[in-house]
$ cat final-v8.cif   # mmCIF, C-alpha atoms and all ligand atoms
data_input
#
loop_
_atom_site.group_PDB
_atom_site.id
_atom_site.type_symbol
_atom_site.label_atom_id
_atom_site.label_comp_id
_atom_site.auth_asym_id
_atom_site.auth_seq_id
_atom_site.Cartn_x
_atom_site.Cartn_y
_atom_site.Cartn_z
ATOM 1 C CA MET A 219 10.964 0.608 16.115
ATOM 2 C CA ASP A 220 11.765 -2.830 17.529
ATOM 3 C CA ASN A 221 9.330 -4.788 15.426
ATOM 4 C CA CYS A 222 9.853 -3.027 12.113
ATOM 5 C CA LEU A 223 11.323 -5.173 9.344
ATOM 6 C CA PHE A 224 12.882 -2.209 7.547
ATOM 7 C CA CYS A 225 14.464 -0.923 10.781
ATOM 8 C CA LYS A 226 15.988 -4.400 11.139
ATOM 9 C CA ILE A 227 17.352 -4.142 7.589
ATOM 10 C CA ILE A 228 18.850 -0.722 8.452
ATOM 11 C CA LYS A 229 20.499 -2.216 11.552
ATOM 12 C CA GLY A 230 21.824 -5.139 9.492
ATOM 13 C CA GLU A 231 19.815 -7.674 11.522
ATOM 14 C CA ILE A 232 18.112 -8.855 8.313
ATOM 15 C CA PRO A 233 20.069 -9.133 5.065
ATOM 16 C CA SER A 234 19.216 -7.015 2.035
ATOM 17 C CA ALA A 235 20.571 -6.411 -1.448
ATOM 18 C CA LYS A 236 21.639 -2.783 -0.904
ATOM 19 C CA VAL A 237 21.996 -0.571 -3.943
ATOM 20 C CA TYR A 238 22.513 2.869 -2.347
ATOM 21 C CA GLU A 239 23.090 4.414 1.030
ATOM 22 C CA ASN A 240 23.917 7.841 2.448
ATOM 23 C CA GLY A 241 23.647 9.349 5.927
ATOM 24 C CA LYS A 242 19.844 9.494 5.835
ATOM 25 C CA ILE A 243 18.683 7.071 3.123
ATOM 26 C CA LEU A 244 18.952 3.381 2.330
ATOM 27 C CA ALA A 245 17.835 1.687 -0.907
ATOM 28 C CA PHE A 246 17.670 -2.051 -1.475
ATOM 29 C CA LEU A 247 16.010 -4.495 -3.832
ATOM 30 C CA ASP A 248 12.431 -5.559 -3.145
ATOM 31 C CA ILE A 249 12.425 -9.273 -2.361
ATOM 32 C CA ASN A 250 9.340 -9.814 -4.543
ATOM 33 C CA PRO A 251 9.866 -7.499 -7.541
ATOM 34 C CA VAL A 252 7.359 -6.564 -10.228
ATOM 35 C CA ASN A 253 10.431 -6.649 -12.492
ATOM 36 C CA PRO A 254 14.127 -7.221 -11.666
ATOM 37 C CA GLY A 255 15.647 -4.065 -10.187
ATOM 38 C CA HIS A 256 12.470 -3.075 -8.257
ATOM 39 C CA THR A 257 13.970 -0.988 -5.449
ATOM 40 C CA LEU A 258 12.701 0.322 -2.126
ATOM 41 C CA VAL A 259 13.933 3.718 -0.918
ATOM 42 C CA ILE A 260 13.584 4.293 2.825
ATOM 43 C CA PRO A 261 14.776 6.840 5.375
ATOM 44 C CA LYS A 262 17.098 5.496 8.066
ATOM 45 C CA THR A 263 14.762 6.973 10.698
ATOM 46 C CA HIS A 264 11.414 5.258 11.268
ATOM 47 C CA TYR A 265 8.232 7.044 10.147
ATOM 48 C CA ALA A 266 5.073 5.003 9.603
ATOM 49 C CA ASN A 267 4.019 6.462 6.272
ATOM 50 C CA LEU A 268 4.477 9.340 3.854
ATOM 51 C CA VAL A 269 2.137 11.717 5.689
ATOM 52 C CA GLU A 270 4.090 11.243 8.925
ATOM 53 C CA THR A 271 7.452 11.785 7.217
ATOM 54 C CA PRO A 272 8.959 15.267 7.708
ATOM 55 C CA GLU A 273 9.493 17.407 4.600
ATOM 56 C CA ASP A 274 13.278 17.439 4.825
ATOM 57 C CA VAL A 275 13.332 13.632 4.908
ATOM 58 C CA LEU A 276 10.949 13.471 1.927
ATOM 59 C CA ASP A 277 13.307 15.819 0.070
ATOM 60 C CA GLU A 278 16.170 13.382 0.674
ATOM 61 C CA MET A 279 14.017 10.426 -0.375
ATOM 62 C CA ILE A 280 12.917 11.943 -3.676
ATOM 63 C CA ARG A 281 16.457 13.084 -4.505
ATOM 64 C CA ALA A 282 17.644 9.523 -3.909
ATOM 65 C CA VAL A 283 14.792 8.215 -6.094
ATOM 66 C CA LYS A 284 15.942 10.379 -8.992
ATOM 67 C CA LYS A 285 19.544 9.230 -8.683
ATOM 68 C CA ILE A 286 18.734 5.538 -8.207
ATOM 69 C CA ALA A 287 16.016 5.395 -10.889
ATOM 70 C CA SER A 288 18.497 6.552 -13.532
ATOM 71 C CA ALA A 289 20.926 3.866 -12.393
ATOM 72 C CA ILE A 290 18.193 1.206 -12.506
ATOM 73 C CA LEU A 291 17.287 2.160 -16.095
ATOM 74 C CA GLN A 292 20.935 1.963 -17.134
ATOM 75 C CA ALA A 293 21.607 -1.272 -15.289
ATOM 76 C CA THR A 294 18.481 -3.199 -16.293
ATOM 77 C CA GLY A 295 17.816 -1.756 -19.736
ATOM 78 C CA ALA A 296 14.279 -0.900 -18.582
ATOM 79 C CA GLU A 297 12.555 1.767 -20.672
ATOM 80 C CA GLY A 298 10.672 3.488 -17.841
ATOM 81 C CA PHE A 299 9.626 3.119 -14.230
ATOM 82 C CA ASN A 300 6.663 3.581 -11.932
ATOM 83 C CA LEU A 301 7.220 5.356 -8.618
ATOM 84 C CA GLY A 302 4.847 3.891 -6.034
ATOM 85 C CA VAL A 303 3.695 4.668 -2.513
ATOM 86 C CA ASN A 304 1.181 2.520 -0.679
ATOM 87 C CA ASN A 305 0.082 4.867 2.097
ATOM 88 C CA GLY A 306 -1.906 3.066 4.803
ATOM 89 C CA LYS A 307 -3.223 -0.482 5.044
ATOM 90 C CA PRO A 308 -6.274 0.034 2.781
ATOM 91 C CA ALA A 309 -3.857 1.193 0.059
ATOM 92 C CA GLY A 310 -1.841 -2.006 0.414
ATOM 93 C CA GLN A 311 0.912 -0.794 2.746
ATOM 94 C CA LEU A 312 2.297 -3.912 4.419
ATOM 95 C CA ILE A 313 5.438 -2.502 6.006
ATOM 96 C CA LEU A 314 4.680 0.468 8.204
ATOM 97 C CA HIS A 315 8.018 2.209 7.584
ATOM 98 C CA THR A 316 7.658 4.884 4.928
ATOM 99 C CA HIS A 317 9.057 3.889 1.517
ATOM 100 C CA PHE A 318 8.990 4.572 -2.202
ATOM 101 C CA HIS A 319 8.885 1.723 -4.710
ATOM 102 C CA ILE A 320 10.884 2.273 -7.909
ATOM 103 C CA MET A 321 9.504 -0.290 -10.361
ATOM 104 C CA PRO A 322 11.358 -0.628 -13.660
ATOM 105 C CA ARG A 323 9.083 -1.109 -16.666
ATOM 106 C CA ARG A 324 9.354 -2.423 -20.180
ATOM 107 C CA ALA A 325 6.788 -2.182 -22.948
ATOM 108 C CA GLY A 326 4.655 -5.321 -22.874
ATOM 109 C CA ASP A 327 5.797 -6.487 -19.414
ATOM 110 C CA GLY A 328 2.174 -7.297 -18.614
ATOM 111 C CA LEU A 329 1.789 -5.046 -15.571
ATOM 112 C CA LYS A 330 -1.632 -3.398 -15.611
ATOM 113 C CA HIS A 331 -2.359 0.208 -14.659
ATOM 114 C CA TRP A 332 -4.954 0.649 -11.894
ATOM 115 C CA PRO A 333 -8.470 0.863 -13.327
ATOM 116 C CA GLY A 334 -10.287 4.227 -13.379
ATOM 117 C CA LYS A 335 -14.006 4.821 -12.908
ATOM 118 C CA PRO A 336 -15.945 7.915 -13.975
ATOM 119 C CA TYR A 337 -17.446 10.497 -11.568
ATOM 120 C CA ARG A 338 -21.209 10.855 -11.458
ATOM 121 C CA GLU A 339 -22.681 14.199 -12.577
ATOM 122 C CA GLY A 340 -21.382 17.054 -10.364
ATOM 123 C CA GLU A 341 -19.308 14.797 -8.107
ATOM 124 C CA MET A 342 -15.925 15.900 -9.458
ATOM 125 C CA ALA A 343 -16.446 19.586 -8.603
ATOM 126 C CA GLU A 344 -17.818 18.617 -5.177
ATOM 127 C CA VAL A 345 -14.823 16.465 -4.316
ATOM 128 C CA ALA A 346 -12.362 19.104 -5.525
ATOM 129 C CA GLU A 347 -14.137 21.726 -3.376
ATOM 130 C CA LYS A 348 -13.970 19.480 -0.295
ATOM 131 C CA ILE A 349 -10.260 18.836 -0.742
ATOM 132 C CA ARG A 350 -9.524 22.543 -1.310
ATOM 133 C CA GLY A 351 -11.407 23.235 1.930
ATOM 134 C CA GLU A 352 -8.976 21.011 3.843
ATOM 135 C CA LEU A 353 -5.844 22.683 2.460
HETATM 136 P P1 LIG A 401 4.257 -2.155 0.838
HETATM 137 O O1 LIG A 401 3.090 -3.024 0.453
HETATM 138 O O2 LIG A 401 4.287 -0.857 0.071
HETATM 139 O O3 LIG A 401 4.365 -1.980 2.336
HETATM 140 O O4 LIG A 401 5.520 -2.922 0.307
HETATM 141 C C1 LIG A 401 6.380 -3.658 1.106
HETATM 142 C C2 LIG A 401 7.357 -4.313 0.172
HETATM 143 O O5 LIG A 401 8.410 -4.853 0.938
HETATM 144 C C3 LIG A 401 6.762 -5.469 -0.656
HETATM 145 O O6 LIG A 401 6.853 -5.172 -2.043
HETATM 146 C C4 LIG A 401 7.632 -6.669 -0.260
HETATM 147 O O7 LIG A 401 7.933 -7.515 -1.352
HETATM 148 C C5 LIG A 401 8.878 -5.997 0.284
HETATM 149 N N1 LIG A 401 9.615 -6.786 1.265
HETATM 150 C C6 LIG A 401 9.119 -7.475 2.315
HETATM 151 N N2 LIG A 401 10.113 -8.047 3.019
HETATM 152 C C7 LIG A 401 11.274 -7.697 2.394
HETATM 153 C C8 LIG A 401 12.648 -7.988 2.629
HETATM 154 N N3 LIG A 401 13.053 -8.744 3.665
HETATM 155 N N4 LIG A 401 13.571 -7.487 1.775
HETATM 156 C C9 LIG A 401 13.180 -6.730 0.721
HETATM 157 N N5 LIG A 401 11.898 -6.406 0.462
HETATM 158 C C10 LIG A 401 10.951 -6.899 1.275
HETATM 159 ZN ZN ZN A 402 11.063 1.096 10.766
#

$ encode --input "final-v8.cif" --output "structure tokens" --more "lines below"
Ligand code: AMP
Ligand code: ZN
Amino acid sequence: MDNCLFCKIIKGEIPSAKVYENGKILAFLDINPVNPGHTLVIPKTHYANLVETPEDVLDEMIRAVKKIASAILQATGAEGFNLGVNNGKPAGQLILHTHFHIMPRRAGDGLKHWPGKPYREGEMAEVAEKIRGEL
């Protein structure tokens, strides 16, 4: 994809702080981290989002996440991490090249969890039924 920032990073046209690479996967530091060590894991082939990414590529991505996350914890002294996917513009996806965020976390780092809101009476069963119907 000519206009894709992450494809340009893969091609070396834009610099990045690479932390891991294999034949199919590249991982580099997010330029605007929630905490130092925040890493983006991307496939070297362009897919717009998670849903459009083939299963075998997702397998490679999640295997890389496991490997890199352990290294991030060791290297930064973080006590945990969040694994994030913003899938689609309404979910906050800015770069339309599928990616996982590995966000190292420390107790008391101030990052808030997303807020939850309760279902109304009967809604939960209804929604579950609708989703099951699509699977
Ligand atoms: P998303 O909202 O999930 O699409 O996240 C895109 C992420 O890419 C954001 O967290 C940005 O900070 C990050 N980002 C944007 N440009 C660059 C860049 N040149 N190098 C590294 N990370 C970047
Ligand atoms: Zn791309």

$ residues_near_ligand --input "final-v8.cif" --ligand "ligand LIG 401 (chain A)" --cutoff "8 Å" --atoms "only C-alpha atoms and all ligand atoms" --output "PyMOL selection string"
chain A and resi 223-224+227+232-235+246-251+258+302-305+310-315+317-319

$ resolve_selection --input "final-v8.cif" --expression "the PyMOL selection byres (((not hetatm)) within 12 of (chain A and resi 402))" --output "number ranges by chain"
A: 219-229, 244, 260-267, 271, 312-317

$ resolve_selection --input "final-v8.cif" --expression "the PyMOL selection byres (((chain A and resi 253) around 8) and not hetatm)" --output "list in words"
Pro251, Val252, Pro254, Gly255, His256, Met321, Pro322 and Arg323 of chain A

$ atom_distance --input "final-v8.cif" --atom1 "atom CA of A:Arg324" --atom2 "atom CA of A:Leu291"
10.0 Å

$ atom_distance --input "final-v8.cif" --atom1 "atom CA of A:Ala296" --atom2 "atom CA of A:Pro333"
23.4 Å

$ residues_around --input "final-v8.cif" --residues "A:Lys285" --least-positions-apart "3" --cutoff "12 Å" --atoms "all atoms listed in the file" --output "MDAnalysis selection string"
chainID A and resid 237:239 245 259 278:282 288:292 320

$ write_last_selection --input "final-v8.cif" --atoms "C-alpha atoms" --output "CSV table (one decimal), in the coordinates of the input"
chain,number,residue,atom,x,y,z
A,237,VAL,CA,22.0,-0.6,-3.9
A,238,TYR,CA,22.5,2.9,-2.3
A,239,GLU,CA,23.1,4.4,1.0
A,245,ALA,CA,17.8,1.7,-0.9
A,259,VAL,CA,13.9,3.7,-0.9
A,278,GLU,CA,16.2,13.4,0.7
A,279,MET,CA,14.0,10.4,-0.4
A,280,ILE,CA,12.9,11.9,-3.7
A,281,ARG,CA,16.5,13.1,-4.5
A,282,ALA,CA,17.6,9.5,-3.9
A,288,SER,CA,18.5,6.6,-13.5
A,289,ALA,CA,20.9,3.9,-12.4
A,290,ILE,CA,18.2,1.2,-12.5
A,291,LEU,CA,17.3,2.2,-16.1
A,292,GLN,CA,20.9,2.0,-17.1
A,320,ILE,CA,10.9,2.3,-7.9

$ atom_distance --input "final-v8.cif" --atom1 "atom CA of A:Gly306" --atom2 "atom CA of A:Val269"
9.6 Å

$ axis_aligned_box --input "final-v8.cif" --around "stretch 294-303 of chain A" --padding-each-side "4 Å" --output "lines of an AutoDock Vina configuration file"
center_x = 11.1
center_y = 1.1
center_z = -11.6
size_x = 22.8
size_y = 16.6
size_z = 26.2

$ build_atoms --input "final-v8.cif" --residues "stretch 243-255 of chain A" --atoms "N, CA, C and O atoms" --output "PDB file, in the frame of the given file"
ATOM      1  N   ILE A 243      19.507   7.903   4.023  1.00  0.00           N
ATOM      2  CA  ILE A 243      18.683   7.071   3.123  1.00  0.00           C
ATOM      3  C   ILE A 243      19.338   5.723   2.884  1.00  0.00           C
ATOM      4  O   ILE A 243      20.569   5.630   2.781  1.00  0.00           O
ATOM      5  N   LEU A 244      18.481   4.704   2.757  1.00  0.00           N
ATOM      6  CA  LEU A 244      18.952   3.381   2.330  1.00  0.00           C
ATOM      7  C   LEU A 244      18.044   2.913   1.190  1.00  0.00           C
ATOM      8  O   LEU A 244      16.820   3.157   1.228  1.00  0.00           O
ATOM      9  N   ALA A 245      18.627   2.269   0.192  1.00  0.00           N
ATOM     10  CA  ALA A 245      17.835   1.687  -0.907  1.00  0.00           C
ATOM     11  C   ALA A 245      18.310   0.266  -1.138  1.00  0.00           C
ATOM     12  O   ALA A 245      19.515  -0.005  -1.153  1.00  0.00           O
ATOM     13  N   PHE A 246      17.351  -0.626  -1.296  1.00  0.00           N
ATOM     14  CA  PHE A 246      17.670  -2.051  -1.475  1.00  0.00           C
ATOM     15  C   PHE A 246      16.605  -2.686  -2.361  1.00  0.00           C
ATOM     16  O   PHE A 246      15.502  -2.138  -2.518  1.00  0.00           O
ATOM     17  N   LEU A 247      16.945  -3.842  -2.916  1.00  0.00           N
ATOM     18  CA  LEU A 247      16.010  -4.495  -3.832  1.00  0.00           C
ATOM     19  C   LEU A 247      14.824  -5.087  -3.071  1.00  0.00           C
ATOM     20  O   LEU A 247      14.994  -5.688  -1.999  1.00  0.00           O
ATOM     21  N   ASP A 248      13.635  -4.916  -3.673  1.00  0.00           N
ATOM     22  CA  ASP A 248      12.431  -5.559  -3.145  1.00  0.00           C
ATOM     23  C   ASP A 248      12.561  -7.066  -3.358  1.00  0.00           C
ATOM     24  O   ASP A 248      12.928  -7.519  -4.442  1.00  0.00           O
ATOM     25  N   ILE A 249      12.250  -7.820  -2.329  1.00  0.00           N
ATOM     26  CA  ILE A 249      12.425  -9.273  -2.361  1.00  0.00           C
ATOM     27  C   ILE A 249      11.449  -9.956  -3.330  1.00  0.00           C
ATOM     28  O   ILE A 249      11.678 -11.094  -3.759  1.00  0.00           O
ATOM     29  N   ASN A 250      10.387  -9.245  -3.684  1.00  0.00           N
ATOM     30  CA  ASN A 250       9.340  -9.814  -4.543  1.00  0.00           C
ATOM     31  C   ASN A 250       9.015  -8.810  -5.659  1.00  0.00           C
ATOM     32  O   ASN A 250       7.963  -8.171  -5.659  1.00  0.00           O
ATOM     33  N   PRO A 251       9.945  -8.637  -6.600  1.00  0.00           N
ATOM     34  CA  PRO A 251       9.866  -7.499  -7.541  1.00  0.00           C
ATOM     35  C   PRO A 251       8.795  -7.644  -8.610  1.00  0.00           C
ATOM     36  O   PRO A 251       8.513  -8.758  -9.052  1.00  0.00           O
ATOM     37  N   VAL A 252       8.242  -6.522  -9.047  1.00  0.00           N
ATOM     38  CA  VAL A 252       7.359  -6.564 -10.228  1.00  0.00           C
ATOM     39  C   VAL A 252       8.199  -6.823 -11.477  1.00  0.00           C
ATOM     40  O   VAL A 252       7.739  -7.458 -12.415  1.00  0.00           O
ATOM     41  N   ASN A 253       9.430  -6.344 -11.474  1.00  0.00           N
ATOM     42  CA  ASN A 253      10.431  -6.649 -12.492  1.00  0.00           C
ATOM     43  C   ASN A 253      11.793  -6.595 -11.790  1.00  0.00           C
ATOM     44  O   ASN A 253      11.926  -5.898 -10.767  1.00  0.00           O
ATOM     45  N   PRO A 254      12.804  -7.281 -12.309  1.00  0.00           N
ATOM     46  CA  PRO A 254      14.127  -7.221 -11.666  1.00  0.00           C
ATOM     47  C   PRO A 254      14.623  -5.772 -11.568  1.00  0.00           C
ATOM     48  O   PRO A 254      14.481  -4.993 -12.513  1.00  0.00           O
ATOM     49  N   GLY A 255      15.169  -5.431 -10.422  1.00  0.00           N
ATOM     50  CA  GLY A 255      15.647  -4.065 -10.187  1.00  0.00           C
ATOM     51  C   GLY A 255      14.672  -3.232  -9.360  1.00  0.00           C
ATOM     52  O   GLY A 255      15.009  -2.126  -8.929  1.00  0.00           O
TER      53      GLY A 255
END
